[in-house]
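Peer 1: Encoded as structure tokens, here's the structure I'll be asking about.
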Amino acid sequence: MLGPASKPFDQPESCTLNKRSGVKNHYQKVGCCFSGIGGFAKGFQNQDFQILWAIEKDKNATLVFKENFPTTNIVNKEISKCAFGEDGISSVDVITAGIPCQPFSIAGEARGSADIRSQGIFELLDFIATFRSAKPKVILCENVKGFLNYENGKFFNKIKSLFFENGYILTNRCSGFVFLFMVIHF
């Protein structure tokens, strides 16, 4: 257990006003895990969020990310070799995770937990644990068709339990493309 979690939906002392929509962004700072070339980052940037850092192991993807986000700190490493406070990885309100989806996608071989890439979700949890009391309030994970129902939902239920043990709860804001974990208050 990482200790007491913040209450969900707490509004930071200062919020930014989205210039396009007029809506206040309650969570301003974003970090991206398994960032690829920056799909999640672009969506958040378009809503006036600040992308502070990104982690991506693929060198070519990091080059494209850096071209698209020249002021963002990009860490070209395996997430398992990263930790809060190292390599410019600082406190953020939101972490996005384009976790490797090939092991679960119906478009691939769907080898699930037999595929080494399926460990990405566990590596993400280990990485988030390094934040301790500074942990993000929101974790937004990519979903692919096949992930939620892999092993008749047992794998996803295990993931939900592990997030809960670390102070997060799955919201009802799931869609076909993402699932969202929010900090809970114990």
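All residue names refer to the structure tokens as shown: chains lettered A, B, ... in order, residues numbered from 1 in each chain, ligands numbered from 1 in order.
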As a VMD selection string, please: every residue in stretch 42-95 of chain A that a backbone DSSP assignment puts in alpha helix (DSSP H).
Peer 2: chain A and resid 42 to 46 59 to 68
Peer 1: Those residues you just picked out, can you put them in a file as a compact mmCIF listing (two decimals), in the first residue's frame with C-alpha atoms?
Peer 2:
```txt
# COMPACT_ATOMS: atom_id res chain seq x y z
CA LYS A 42 -1.40 15.60 -28.55
CA GLY A 43 -4.94 15.20 -27.28
CA PHE A 44 -4.04 16.62 -23.89
CA GLN A 45 -1.95 19.40 -25.44
CA ASN A 46 -4.92 20.37 -27.61
CA LYS A 59 14.33 5.24 -30.33
CA ASN A 60 12.52 6.10 -33.58
CA ALA A 61 9.29 6.87 -31.73
CA THR A 62 11.17 9.16 -29.34
CA LEU A 63 12.66 11.06 -32.28
CA VAL A 64 9.18 11.70 -33.70
CA PHE A 65 7.83 12.57 -30.24
CA LYS A 66 10.64 15.10 -29.73
CA GLU A 67 9.85 16.67 -33.11
CA ASN A 68 6.18 17.01 -32.14
```
Peer 1: Mind giving me the straight-line distance from atom CA of A:Phe127 to atom CA of A:Lys29 in Å, one decimal?
Peer 2: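 Between atom CA of A:Phe127 and atom CA of A:Lys29 the gap is 17.3 Å.
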Peer 1: What's around stretch 71-84 of chain A at 10 Å? Count only C-alpha atoms, leave out sequence neighbours fewer than 2 positions away in its own chain, and write the answer as a PyMOL selection string.
Peer 2: chain A and resi 31-35+41+50-63+65-69+86-91+119-120+122-132+134-135
Peer 1: Taking 5 positions as the minimum chain separation for residues in the same chain, which residues sit within 12 Å of A:Lys158 when counting only C-alpha atoms? Answer as a tab-separated table (two decimals) with N, CA and C atoms, in the first residue's frame.
Peer 2:
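around.tsv was written with the following content:
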```
chain	number	residue	atom	x	y	z
A	121	ILE	N	1.74	-3.54	-18.24
A	121	ILE	CA	0.78	-3.01	-17.26
A	121	ILE	C	1.33	-3.15	-15.84
A	122	PHE	N	2.05	-4.24	-15.58
A	122	PHE	CA	2.65	-4.44	-14.26
A	122	PHE	C	3.85	-3.49	-14.05
A	148	LEU	N	-10.17	-6.39	-22.18
A	148	LEU	CA	-11.11	-6.51	-21.06
A	148	LEU	C	-11.63	-7.93	-20.89
A	149	ASN	N	-11.72	-8.68	-21.98
A	149	ASN	CA	-12.30	-10.02	-21.92
A	149	ASN	C	-11.27	-11.14	-21.94
A	150	TYR	N	-9.99	-10.79	-21.96
A	150	TYR	CA	-8.95	-11.83	-21.97
A	150	TYR	C	-9.12	-12.71	-20.74
A	151	GLU	N	-9.01	-14.01	-20.91
A	151	GLU	CA	-9.21	-15.01	-19.84
A	151	GLU	C	-10.56	-14.80	-19.15
A	152	ASN	N	-11.58	-14.53	-19.97
A	152	ASN	CA	-12.94	-14.29	-19.46
A	152	ASN	C	-13.00	-13.17	-18.43
A	153	GLY	N	-12.16	-12.16	-18.60
A	153	GLY	CA	-12.16	-10.99	-17.72
A	153	GLY	C	-11.31	-11.14	-16.47
A	163	PHE	N	-4.53	-2.04	-9.12
A	163	PHE	CA	-4.66	-0.58	-9.08
A	163	PHE	C	-5.33	-0.16	-7.77
A	164	PHE	N	-6.36	-0.90	-7.34
A	164	PHE	CA	-7.05	-0.58	-6.09
A	164	PHE	C	-6.09	-0.67	-4.91
A	165	GLU	N	-5.27	-1.71	-4.88
A	165	GLU	CA	-4.29	-1.86	-3.80
A	165	GLU	C	-3.31	-0.69	-3.76
```
Peer 1: Tell me, in Å to one decimal, how far atom CA of A:Gly167 is from atom CA of A:Gly36.
Peer 2: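 So the answer is 26.6 Å.
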